[in-house]
$ cat data_27.txt   # compact mmCIF, C-alpha atoms
# COMPACT_ATOMS: atom_id res chain seq x y z
CA MET A 1 0.00 0.00 0.00
CA THR A 2 1.56 3.27 -1.06
CA THR A 3 0.45 6.86 -1.24
CA PRO A 4 2.71 8.95 -3.48
CA CYS A 5 3.65 12.48 -2.62
CA SER A 6 1.04 15.02 -3.70
CA THR A 7 1.83 16.55 -7.08
CA THR A 8 -0.36 19.61 -6.63
CA THR A 9 1.22 23.02 -7.14
CA ALA A 10 -0.79 24.51 -4.28
CA PRO A 11 1.03 24.92 -0.94
CA ALA A 12 0.85 21.72 1.09
CA ARG A 13 -1.30 21.86 4.21
CA PHE A 14 0.55 19.09 6.05
CA LEU A 15 3.26 16.45 5.85
CA LEU A 16 2.00 12.87 6.11
CA LEU A 17 4.40 10.24 7.48
CA GLY A 18 3.37 6.78 8.53
CA ASP A 19 2.84 3.12 7.84
CA SER A 20 0.26 1.58 5.52
CA HIS A 21 -2.56 3.03 7.66
CA ALA A 22 -1.58 6.42 6.24
CA ALA A 23 -2.55 5.30 2.73
CA CYS A 24 -6.30 5.88 3.05
CA VAL A 25 -5.63 9.29 4.60
CA GLY A 26 -3.55 10.30 1.60
CA GLN A 27 -6.15 8.91 -0.80
CA ALA A 28 -8.93 10.84 0.92
CA ALA A 29 -6.89 14.06 0.95
CA ARG A 30 -6.23 13.75 -2.77
CA ALA A 31 -9.90 13.01 -3.47
CA ALA A 32 -10.80 16.18 -1.54
CA HIS A 33 -8.16 18.16 -3.48
CA LEU A 34 -6.44 18.92 -0.18
CA PRO A 35 -2.77 19.63 -0.94
CA PHE A 36 -0.26 17.69 1.14
CA ALA A 37 3.08 15.95 0.90
CA GLY A 38 3.95 12.50 2.10
CA GLY A 39 2.51 9.04 2.58
CA PRO A 40 3.58 5.66 3.96
CA VAL A 41 7.32 5.19 4.41
CA GLY A 42 7.23 1.57 5.62
CA SER A 43 5.11 -1.05 7.34
CA GLY A 44 3.74 -0.73 10.86
CA ARG A 45 6.28 -3.01 12.52
CA ASP A 46 9.10 -0.87 11.05
CA PHE A 47 8.24 1.99 13.42
CA LEU A 48 7.96 0.18 16.74
CA SER A 49 11.62 -0.51 17.56
CA PRO A 50 14.19 2.27 16.96
CA PHE A 51 14.02 3.21 13.29
CA PHE A 52 15.94 6.47 12.95
CA ASP A 53 19.17 8.13 14.02
CA PRO A 54 19.70 11.83 14.75
CA GLU A 55 22.09 13.63 12.47
CA GLY A 56 23.26 17.13 11.72
CA THR A 57 25.34 19.57 13.74
CA HIS A 58 22.85 19.73 16.60
CA GLY A 59 21.16 16.38 16.02
CA THR A 60 17.94 18.07 14.97
CA GLU A 61 17.59 16.12 11.72
CA ILE A 62 16.87 12.40 11.45
CA ARG A 63 17.90 9.61 9.10
CA PHE A 64 15.68 6.59 8.67
CA ARG A 65 17.66 3.38 9.06
CA ALA A 66 15.74 1.71 6.23
CA PRO A 67 17.08 3.01 2.87
CA GLU A 68 13.65 3.09 1.24
CA GLY A 69 12.16 4.93 4.18
CA GLN A 70 14.96 7.50 4.03
CA ARG A 71 14.50 7.92 0.28
CA LEU A 72 10.78 8.58 0.63
CA TYR A 73 11.29 10.88 3.61
CA ARG A 74 13.75 13.03 1.69
CA GLU A 75 11.45 13.03 -1.34
CA PHE A 76 8.56 14.30 0.76
CA LEU A 77 10.70 17.00 2.40
CA ASP A 78 11.95 18.12 -1.01
CA ALA A 79 8.33 18.50 -2.15
CA LEU A 80 7.86 20.92 0.74
CA GLY A 81 11.13 22.73 0.14
CA ALA A 82 12.23 21.75 3.66
CA ARG A 83 15.75 20.66 4.59
CA GLY A 84 14.52 18.63 7.53
CA LEU A 85 12.00 18.38 10.31
CA ALA A 86 13.53 21.34 12.11
CA GLY A 87 12.53 23.58 9.21
CA LEU A 88 9.05 22.15 8.74
CA GLN A 89 6.49 24.93 8.30
CA VAL A 90 3.36 22.75 8.21
CA PRO A 91 1.87 20.31 10.72
CA LEU A 92 2.99 16.69 10.70
CA VAL A 93 0.32 13.98 10.49
CA CYS A 94 1.63 10.63 11.62
CA THR A 95 0.65 7.00 12.31
CA PHE A 96 3.93 5.77 13.81
CA GLY A 97 3.49 3.48 16.81
CA PHE A 98 -0.17 2.66 16.23
CA SER A 99 0.32 -0.75 14.64
CA ALA A 100 -1.86 -2.23 17.36
CA HIS A 101 -2.45 -5.52 15.55
CA THR A 102 1.32 -6.13 15.53
CA LEU A 103 1.63 -5.32 19.23
CA ALA A 104 -1.24 -7.73 19.90
CA THR A 105 0.28 -10.72 18.06
CA ARG A 106 -0.92 -13.67 20.14
CA GLN A 107 2.43 -15.42 20.51
CA ASN A 108 3.92 -12.31 22.10
CA TRP A 109 1.66 -12.74 25.11
CA ASP A 110 1.46 -16.51 25.58
CA VAL A 111 3.85 -16.49 28.53
CA HIS A 112 1.40 -14.29 30.47
CA ARG A 113 -1.68 -16.50 29.94
CA ASP A 114 -3.27 -18.56 32.70
CA ARG A 115 -3.93 -22.30 32.54
CA ARG A 116 -7.08 -21.72 30.49
CA GLY A 117 -5.12 -19.75 27.91
CA ASP A 118 -6.61 -16.42 28.93
CA LEU A 119 -4.84 -13.19 29.82
CA PRO A 120 -5.90 -12.22 33.36
CA ALA A 121 -7.65 -8.88 33.60
CA SER A 122 -5.27 -8.03 36.44
CA PHE A 123 -2.36 -8.35 34.00
CA LEU A 124 -3.90 -5.98 31.45
CA ARG A 125 -4.72 -3.47 34.21
CA GLY A 126 -1.42 -3.82 36.05
CA THR A 127 1.89 -2.04 35.72
CA LEU A 128 3.78 -4.70 33.76
CA PHE A 129 1.55 -4.59 30.68
CA PRO A 130 1.99 -0.86 29.91
CA ALA A 131 5.71 -1.15 30.64
CA LEU A 132 5.99 -3.93 28.06
CA VAL A 133 3.98 -1.99 25.47
CA LYS A 134 6.10 1.12 25.96
CA THR A 135 9.22 -0.96 25.41
CA MET A 136 7.74 -2.45 22.25
CA VAL A 137 7.00 1.02 20.78
CA ARG A 138 10.13 2.76 22.06
CA GLY A 139 11.15 3.71 18.51
CA ALA A 140 7.91 5.56 17.86
CA LEU A 141 8.03 7.25 21.26
CA ALA A 142 11.58 8.40 20.54
CA PHE A 143 10.32 9.94 17.30
CA TYR A 144 7.58 11.85 19.13
CA ASP A 145 10.13 12.95 21.73
CA HIS A 146 12.19 14.32 18.85
CA THR A 147 9.30 16.22 17.27
CA ALA A 148 8.35 17.63 20.67
CA ALA A 149 11.90 18.91 21.17
CA LEU A 150 11.65 20.65 17.80
CA GLY A 151 8.36 22.29 18.78
CA LEU A 152 6.47 20.81 15.82
CA ARG A 153 2.73 20.53 15.69
CA VAL A 154 2.04 16.81 15.34
CA VAL A 155 -1.28 15.04 14.86
CA ALA A 156 -1.30 11.25 15.30
CA VAL A 157 -4.05 9.06 13.87
CA MET A 158 -5.23 6.04 15.82
CA PRO A 159 -5.57 2.84 13.78
CA PRO A 160 -8.65 1.23 12.28
CA GLN A 161 -10.29 -1.00 14.88
CA ARG A 162 -9.60 -4.23 13.02
CA VAL A 163 -8.19 -7.26 14.82
CA PRO A 164 -6.88 -9.99 12.51
CA GLU A 165 -6.70 -13.68 13.44
CA MET A 166 -3.04 -13.36 14.41
CA SER A 167 -3.87 -10.85 17.15
CA ASP A 168 -5.48 -10.93 20.57
CA ALA A 169 -8.42 -8.50 20.67
CA ARG A 170 -8.06 -7.66 24.36
CA VAL A 171 -4.38 -6.86 23.92
CA PHE A 172 -5.14 -4.83 20.79
CA HIS A 173 -7.57 -2.55 22.59
CA ALA A 174 -5.51 -2.27 25.77
CA ALA A 175 -2.22 -1.67 23.95
CA GLN A 176 -3.56 1.13 21.77
CA GLU A 177 -4.72 2.92 24.93
CA VAL A 178 -1.20 2.77 26.32
CA VAL A 179 0.27 4.10 23.08
CA ARG A 180 -2.39 6.82 22.84
CA ASP A 181 -1.66 8.08 26.35
CA GLU A 182 2.12 7.99 25.86
CA VAL A 183 1.95 9.87 22.57
CA ALA A 184 -0.47 12.45 23.97
CA GLU A 185 1.88 13.07 26.90
CA ARG A 186 4.43 14.20 24.32
CA GLY A 187 2.16 17.01 23.19
CA VAL A 188 0.77 15.20 20.16
CA GLU A 189 -2.84 15.77 19.13
CA ILE A 190 -4.76 12.52 18.69
CA VAL A 191 -7.36 11.74 16.03
CA ASP A 192 -9.51 9.10 17.72
CA LEU A 193 -12.44 7.93 15.61
CA ARG A 194 -13.34 4.85 17.63
CA ALA A 195 -16.74 6.13 18.75
CA ARG A 196 -17.70 6.91 15.14
CA VAL A 197 -16.48 3.80 13.34
CA SER A 198 -16.84 0.94 15.83
CA ASP A 199 -19.74 -1.33 16.74
CA ARG A 200 -20.73 -2.29 20.28
CA SER A 201 -17.98 -4.90 20.45
CA GLY A 202 -15.35 -2.30 19.61
CA GLU A 203 -14.70 -3.70 16.13
CA GLN A 204 -14.67 -1.48 13.06
CA ARG A 205 -17.94 -1.45 11.13
CA PRO A 206 -17.77 -2.87 7.58
CA ALA A 207 -18.59 0.52 6.05
CA PHE A 208 -15.14 1.71 7.12
CA CYS A 209 -13.15 -1.44 6.30
CA LEU A 210 -11.05 -2.03 3.20
CA PRO A 211 -12.59 -5.02 1.37
CA ASN A 212 -10.63 -8.27 1.10
CA ASP A 213 -8.30 -7.04 3.83
CA THR A 214 -8.13 -7.73 7.57
CA ILE A 215 -6.26 -4.69 8.84
CA HIS A 216 -6.81 -1.44 6.96
CA GLY A 217 -9.47 1.23 6.77
CA ASN A 218 -11.05 2.24 3.46
CA LEU A 219 -11.57 5.56 1.73
CA ALA A 220 -14.58 6.33 3.94
CA PHE A 221 -12.37 5.93 7.01
CA GLY A 222 -9.75 8.16 5.41
CA ARG A 223 -12.39 10.81 4.72
CA LEU A 224 -13.32 10.89 8.40
CA VAL A 225 -9.66 11.42 9.28
CA VAL A 226 -9.35 14.22 6.73
CA ALA A 227 -12.52 15.85 8.03
CA GLU A 228 -11.02 15.76 11.52
CA LEU A 229 -7.81 17.32 10.22
CA LEU A 230 -9.79 20.11 8.56
CA ASP A 231 -11.73 20.70 11.79
CA ARG A 232 -8.37 21.18 13.50
CA GLY A 233 -7.39 23.83 10.98
CA LEU A 234 -4.98 21.81 8.85
$ encode --input "data_27.txt" --output "structure tokens"
Amino acid sequence: MTTPCSTTTAPARFLLLGDSHAACVGQAARAAHLPFAGGPVGSGRDFLSPFFDPEGTHGTEIRFRAPEGQRLYREFLDALGARGLAGLQVPLVCTFGFSAHTLATRQNWDVHRDRRGDLPASFLRGTLFPALVKTMVRGALAFYDHTAALGLRVVAVMPPQRVPEMSDARVFHAAQEVVRDEVAERGVEIVDLRARVSDRSGEQRPAFCLPNDTIHGNLAFGRLVVAELLDRGL
């Protein structure tokens, strides 16, 4: 899933950086003729562990460790006429760290299950669970620490509420709460559409799901994100 950099000649309203969940946001922005630069620069799991290194005289710029991610990042900055994040003149819209289905991969949590194979509620509500999640997303949190230090306006988009077979639904929902709170503590604005797109069980309604896919949102979901961005003045 890719979303190429906007080719419009109008000034971009925001820079979009993220995983494949950013694709429907870019598609919706283009459909609405909303000028932007950016798109996905990798898959969700790429942005959980450390994925960039600071560079430059004062360490204000970053370099993605993945060559393709770095290439796309520089391409998007060039489209904005920006040398780096430190010179960014538009808000940054991001999905890094919100690959909740990856965090919730069942095998990751087997050691914490009881004899019946269930995860005790006390574990999900305790102190160990959030500590583990924060360790798993330390790369994304480091990125948001970096943008906070630069004083950038950052808007993070929570993921579609879709739990594939490989993932544990209870972990999915609990983990995304931990990530949401940690990212918000770093001064990031959060686009949270759960109340608008989910059914009573917390799962994403089919109207907002990409067909023949178990993870992503569709264009309708992207349009809700874009509408939220516009409401925030982007």
$ atom_distance --input "data_27.txt" --atom1 "CA of Glu165 (chain A)" --atom2 "CA of Ile215 (chain A)"
10.1 Å
$ closest_atom_pairs --input "data_27.txt" --of "region 99-182 of chain A" --to "region 23-33 of chain A" --cutoff "12 Å" --atoms "all atoms listed in the file" --output "JSON lines"
{"residue": "A:Ala156", "atom": "CA", "partner": "A:Val25", "partner_atom": "CA", "distance": 11.7}
{"residue": "A:Val157", "atom": "CA", "partner": "A:Val25", "partner_atom": "CA", "distance": 9.4}
{"residue": "A:Met158", "atom": "CA", "partner": "A:Val25", "partner_atom": "CA", "distance": 11.7}
{"residue": "A:Pro159", "atom": "CA", "partner": "A:Cys24", "partner_atom": "CA", "distance": 11.2}
{"residue": "A:Pro160", "atom": "CA", "partner": "A:Cys24", "partner_atom": "CA", "distance": 10.6}
$ closest_residue --input "data_27.txt" --among "A:Arg180, A:Arg170, A:His58, A:His112" --to "Lys134 (chain A)" --atoms "only C-alpha atoms"
A:Arg180
$ atom_distance --input "data_27.txt" --atom1 "CA of Gln161 (chain A)" --atom2 "CA of Thr147 (chain A)"
26.2 Å
$ closest_atom_pairs --input "data_27.txt" --of "region 126-189 of chain A" --to "region 80-88 of chain A" --cutoff "12 Å" --atoms "only C-alpha atoms" --output "CSV"
residue,atom,partner,partner_atom,distance
A:Phe143,CA,A:Leu85,CA,11.1
A:Tyr144,CA,A:Leu85,CA,11.8
A:His146,CA,A:Leu85,CA,9.5
A:Thr147,CA,A:Leu85,CA,7.8
A:Ala148,CA,A:Ala86,CA,10.7
A:Ala149,CA,A:Ala86,CA,9.5
A:Leu150,CA,A:Ala86,CA,6.0
A:Gly151,CA,A:Ala86,CA,8.5
A:Leu152,CA,A:Leu88,CA,7.7
A:Arg153,CA,A:Leu88,CA,9.5
A:Val154,CA,A:Leu88,CA,11.0
$ write_last_selection --input "data_27.txt" --atoms "C-alpha atoms" --output "mmCIF file, keeping the file's coordinate frame"
data_model
loop_
_atom_site.group_PDB
_atom_site.id
_atom_site.type_symbol
_atom_site.label_atom_id
_atom_site.label_comp_id
_atom_site.auth_asym_id
_atom_site.auth_seq_id
_atom_site.Cartn_x
_atom_site.Cartn_y
_atom_site.Cartn_z
ATOM 1 C CA PHE A 143 10.320 9.940 17.300
ATOM 2 C CA TYR A 144 7.580 11.850 19.130
ATOM 3 C CA HIS A 146 12.190 14.320 18.850
ATOM 4 C CA THR A 147 9.300 16.220 17.270
ATOM 5 C CA ALA A 148 8.350 17.630 20.670
ATOM 6 C CA ALA A 149 11.900 18.910 21.170
ATOM 7 C CA LEU A 150 11.650 20.650 17.800
ATOM 8 C CA GLY A 151 8.360 22.290 18.780
ATOM 9 C CA LEU A 152 6.470 20.810 15.820
ATOM 10 C CA ARG A 153 2.730 20.530 15.690
ATOM 11 C CA VAL A 154 2.040 16.810 15.340
#
$ atom_distance --input "data_27.txt" --atom1 "CA of Cys94 (chain A)" --atom2 "CA of Leu16 (chain A)"
6.0 Å
$ residues_around --input "data_27.txt" --residues "Phe14 (chain A)" --least-positions-apart "5" --cutoff "12 Å" --atoms "all atoms listed in the file" --output "ChimeraX atom specification"
/A:5-6,25-26,29,34-39,76-77,79-80,88-94,152-155,226,229-230,232-234
$ write_last_selection --input "data_27.txt" --atoms "C-alpha atoms" --output "PDB file, in the frame of the given file"
ATOM      1  CA  CYS A   5       3.650  12.480  -2.620  1.00  0.00           C
ATOM      2  CA  SER A   6       1.040  15.020  -3.700  1.00  0.00           C
ATOM      3  CA  VAL A  25      -5.630   9.290   4.600  1.00  0.00           C
ATOM      4  CA  GLY A  26      -3.550  10.300   1.600  1.00  0.00           C
ATOM      5  CA  ALA A  29      -6.890  14.060   0.950  1.00  0.00           C
ATOM      6  CA  LEU A  34      -6.440  18.920  -0.180  1.00  0.00           C
ATOM      7  CA  PRO A  35      -2.770  19.630  -0.940  1.00  0.00           C
ATOM      8  CA  PHE A  36      -0.260  17.690   1.140  1.00  0.00           C
ATOM      9  CA  ALA A  37       3.080  15.950   0.900  1.00  0.00           C
ATOM     10  CA  GLY A  38       3.950  12.500   2.100  1.00  0.00           C
ATOM     11  CA  GLY A  39       2.510   9.040   2.580  1.00  0.00           C
ATOM     12  CA  PHE A  76       8.560  14.300   0.760  1.00  0.00           C
ATOM     13  CA  LEU A  77      10.700  17.000   2.400  1.00  0.00           C
ATOM     14  CA  ALA A  79       8.330  18.500  -2.150  1.00  0.00           C
ATOM     15  CA  LEU A  80       7.860  20.920   0.740  1.00  0.00           C
ATOM     16  CA  LEU A  88       9.050  22.150   8.740  1.00  0.00           C
ATOM     17  CA  GLN A  89       6.490  24.930   8.300  1.00  0.00           C
ATOM     18  CA  VAL A  90       3.360  22.750   8.210  1.00  0.00           C
ATOM     19  CA  PRO A  91       1.870  20.310  10.720  1.00  0.00           C
ATOM     20  CA  LEU A  92       2.990  16.690  10.700  1.00  0.00           C
ATOM     21  CA  VAL A  93       0.320  13.980  10.490  1.00  0.00           C
ATOM     22  CA  CYS A  94       1.630  10.630  11.620  1.00  0.00           C
ATOM     23  CA  LEU A 152       6.470  20.810  15.820  1.00  0.00           C
ATOM     24  CA  ARG A 153       2.730  20.530  15.690  1.00  0.00           C
ATOM     25  CA  VAL A 154       2.040  16.810  15.340  1.00  0.00           C
ATOM     26  CA  VAL A 155      -1.280  15.040  14.860  1.00  0.00           C
ATOM     27  CA  VAL A 226      -9.350  14.220   6.730  1.00  0.00           C
ATOM     28  CA  LEU A 229      -7.810  17.320  10.220  1.00  0.00           C
ATOM     29  CA  LEU A 230      -9.790  20.110   8.560  1.00  0.00           C
ATOM     30  CA  ARG A 232      -8.370  21.180  13.500  1.00  0.00           C
ATOM     31  CA  GLY A 233      -7.390  23.830  10.980  1.00  0.00           C
ATOM     32  CA  LEU A 234      -4.980  21.810   8.850  1.00  0.00           C
TER      33      LEU A 234
END
$ closest_residue --input "data_27.txt" --among "A:Gly202, A:Pro50, A:Gly139, A:Gly97" --to "Val183 (chain A)" --atoms "only C-alpha atoms"
A:Gly97
$ residues_around --input "data_27.txt" --residues "Pro40 (chain A)" --least-positions-apart "3" --cutoff "6 Å" --atoms "all atoms listed in the file" --output "PyMOL selection string"
chain A and resi 2+17-20+22
$ write_last_selection --input "data_27.txt" --atoms "C-alpha atoms" --output "PDB file, in the frame of the given file"
ATOM      1  CA  THR A   2       1.560   3.270  -1.060  1.00  0.00           C
ATOM      2  CA  LEU A  17       4.400  10.240   7.480  1.00  0.00           C
ATOM      3  CA  GLY A  18       3.370   6.780   8.530  1.00  0.00           C
ATOM      4  CA  ASP A  19       2.840   3.120   7.840  1.00  0.00           C
ATOM      5  CA  SER A  20       0.260   1.580   5.520  1.00  0.00           C
ATOM      6  CA  ALA A  22      -1.580   6.420   6.240  1.00  0.00           C
TER       7      ALA A  22
END
$ closest_residue --input "data_27.txt" --among "A:Pro54, A:Gly222, A:Ser122, A:Ala100" --to "Val137 (chain A)" --atoms "only C-alpha atoms"
A:Ala100
$ closest_residue --input "data_27.txt" --among "A:Val178, A:Phe172, A:Ser167, A:Thr105" --to "Gly126 (chain A)" --atoms "all atoms listed in the file"
A:Val178
$ decode --input "data_27.txt" --residues "region 190-209 of chain A" --atoms "N, CA, C and O atoms" --output "tab-separated table (two decimals), in the first residue's frame"
chain	number	residue	atom	x	y	z
A	190	ILE	N	-4.34	13.86	19.07
A	190	ILE	CA	-4.76	12.52	18.69
A	190	ILE	C	-6.09	12.56	17.95
A	190	ILE	O	-7.07	13.13	18.43
A	191	VAL	N	-6.10	11.95	16.76
A	191	VAL	CA	-7.36	11.74	16.03
A	191	VAL	C	-7.86	10.35	16.44
A	191	VAL	O	-7.28	9.33	16.08
A	192	ASP	N	-8.94	10.33	17.18
A	192	ASP	CA	-9.51	9.10	17.72
A	192	ASP	C	-10.94	8.97	17.21
A	192	ASP	O	-11.85	9.64	17.69
A	193	LEU	N	-11.13	8.09	16.24
A	193	LEU	CA	-12.44	7.93	15.61
A	193	LEU	C	-13.20	6.71	16.11
A	193	LEU	O	-14.22	6.33	15.53
A	194	ARG	N	-12.75	6.11	17.19
A	194	ARG	CA	-13.34	4.85	17.63
A	194	ARG	C	-14.85	4.94	17.85
A	194	ARG	O	-15.60	4.04	17.46
A	195	ALA	N	-15.32	6.00	18.46
A	195	ALA	CA	-16.74	6.13	18.75
A	195	ALA	C	-17.58	6.25	17.48
A	195	ALA	O	-18.78	5.91	17.48
A	196	ARG	N	-16.96	6.68	16.39
A	196	ARG	CA	-17.70	6.91	15.14
A	196	ARG	C	-17.65	5.72	14.19
A	196	ARG	O	-18.52	5.60	13.32
A	197	VAL	N	-16.64	4.86	14.33
A	197	VAL	CA	-16.48	3.80	13.34
A	197	VAL	C	-16.65	2.40	13.90
A	197	VAL	O	-16.67	1.43	13.13
A	198	SER	N	-16.81	2.26	15.21
A	198	SER	CA	-16.84	0.94	15.83
A	198	SER	C	-18.25	0.52	16.22
A	198	SER	O	-19.11	1.35	16.51
A	199	ASP	N	-18.47	-0.81	16.25
A	199	ASP	CA	-19.74	-1.33	16.74
A	199	ASP	C	-19.66	-1.52	18.26
A	199	ASP	O	-18.69	-1.12	18.89
A	200	ARG	N	-20.68	-2.15	18.82
A	200	ARG	CA	-20.73	-2.29	20.28
A	200	ARG	C	-19.60	-3.14	20.83
A	200	ARG	O	-19.21	-3.00	21.99
A	201	SER	N	-19.08	-4.04	20.00
A	201	SER	CA	-17.98	-4.90	20.45
A	201	SER	C	-16.62	-4.21	20.36
A	201	SER	O	-15.62	-4.75	20.82
A	202	GLY	N	-16.61	-3.02	19.77
A	202	GLY	CA	-15.35	-2.30	19.61
A	202	GLY	C	-14.67	-2.55	18.28
A	202	GLY	O	-13.62	-1.98	18.00
A	203	GLU	N	-15.28	-3.40	17.43
A	203	GLU	CA	-14.70	-3.70	16.13
A	203	GLU	C	-15.17	-2.68	15.09
A	203	GLU	O	-16.26	-2.11	15.20
A	204	GLN	N	-14.34	-2.45	14.10
A	204	GLN	CA	-14.67	-1.48	13.06
A	204	GLN	C	-15.84	-1.97	12.21
A	204	GLN	O	-15.88	-3.13	11.79
A	205	ARG	N	-16.79	-1.08	11.94
A	205	ARG	CA	-17.94	-1.45	11.13
A	205	ARG	C	-17.52	-1.64	9.67
A	205	ARG	O	-16.61	-0.95	9.18
A	206	PRO	N	-18.16	-2.57	8.96
A	206	PRO	CA	-17.77	-2.87	7.58
A	206	PRO	C	-17.72	-1.66	6.66
A	206	PRO	O	-16.93	-1.62	5.72
A	207	ALA	N	-18.56	-0.67	6.91
A	207	ALA	CA	-18.59	0.52	6.05
A	207	ALA	C	-17.26	1.27	6.03
A	207	ALA	O	-17.01	2.05	5.11
A	208	PHE	N	-16.42	1.01	7.02
A	208	PHE	CA	-15.14	1.71	7.12
A	208	PHE	C	-13.95	0.77	6.96
A	208	PHE	O	-12.82	1.15	7.27
A	209	CYS	N	-14.21	-0.44	6.47
A	209	CYS	CA	-13.15	-1.44	6.30
A	209	CYS	C	-12.79	-1.61	4.83
A	209	CYS	O	-13.67	-1.65	3.96
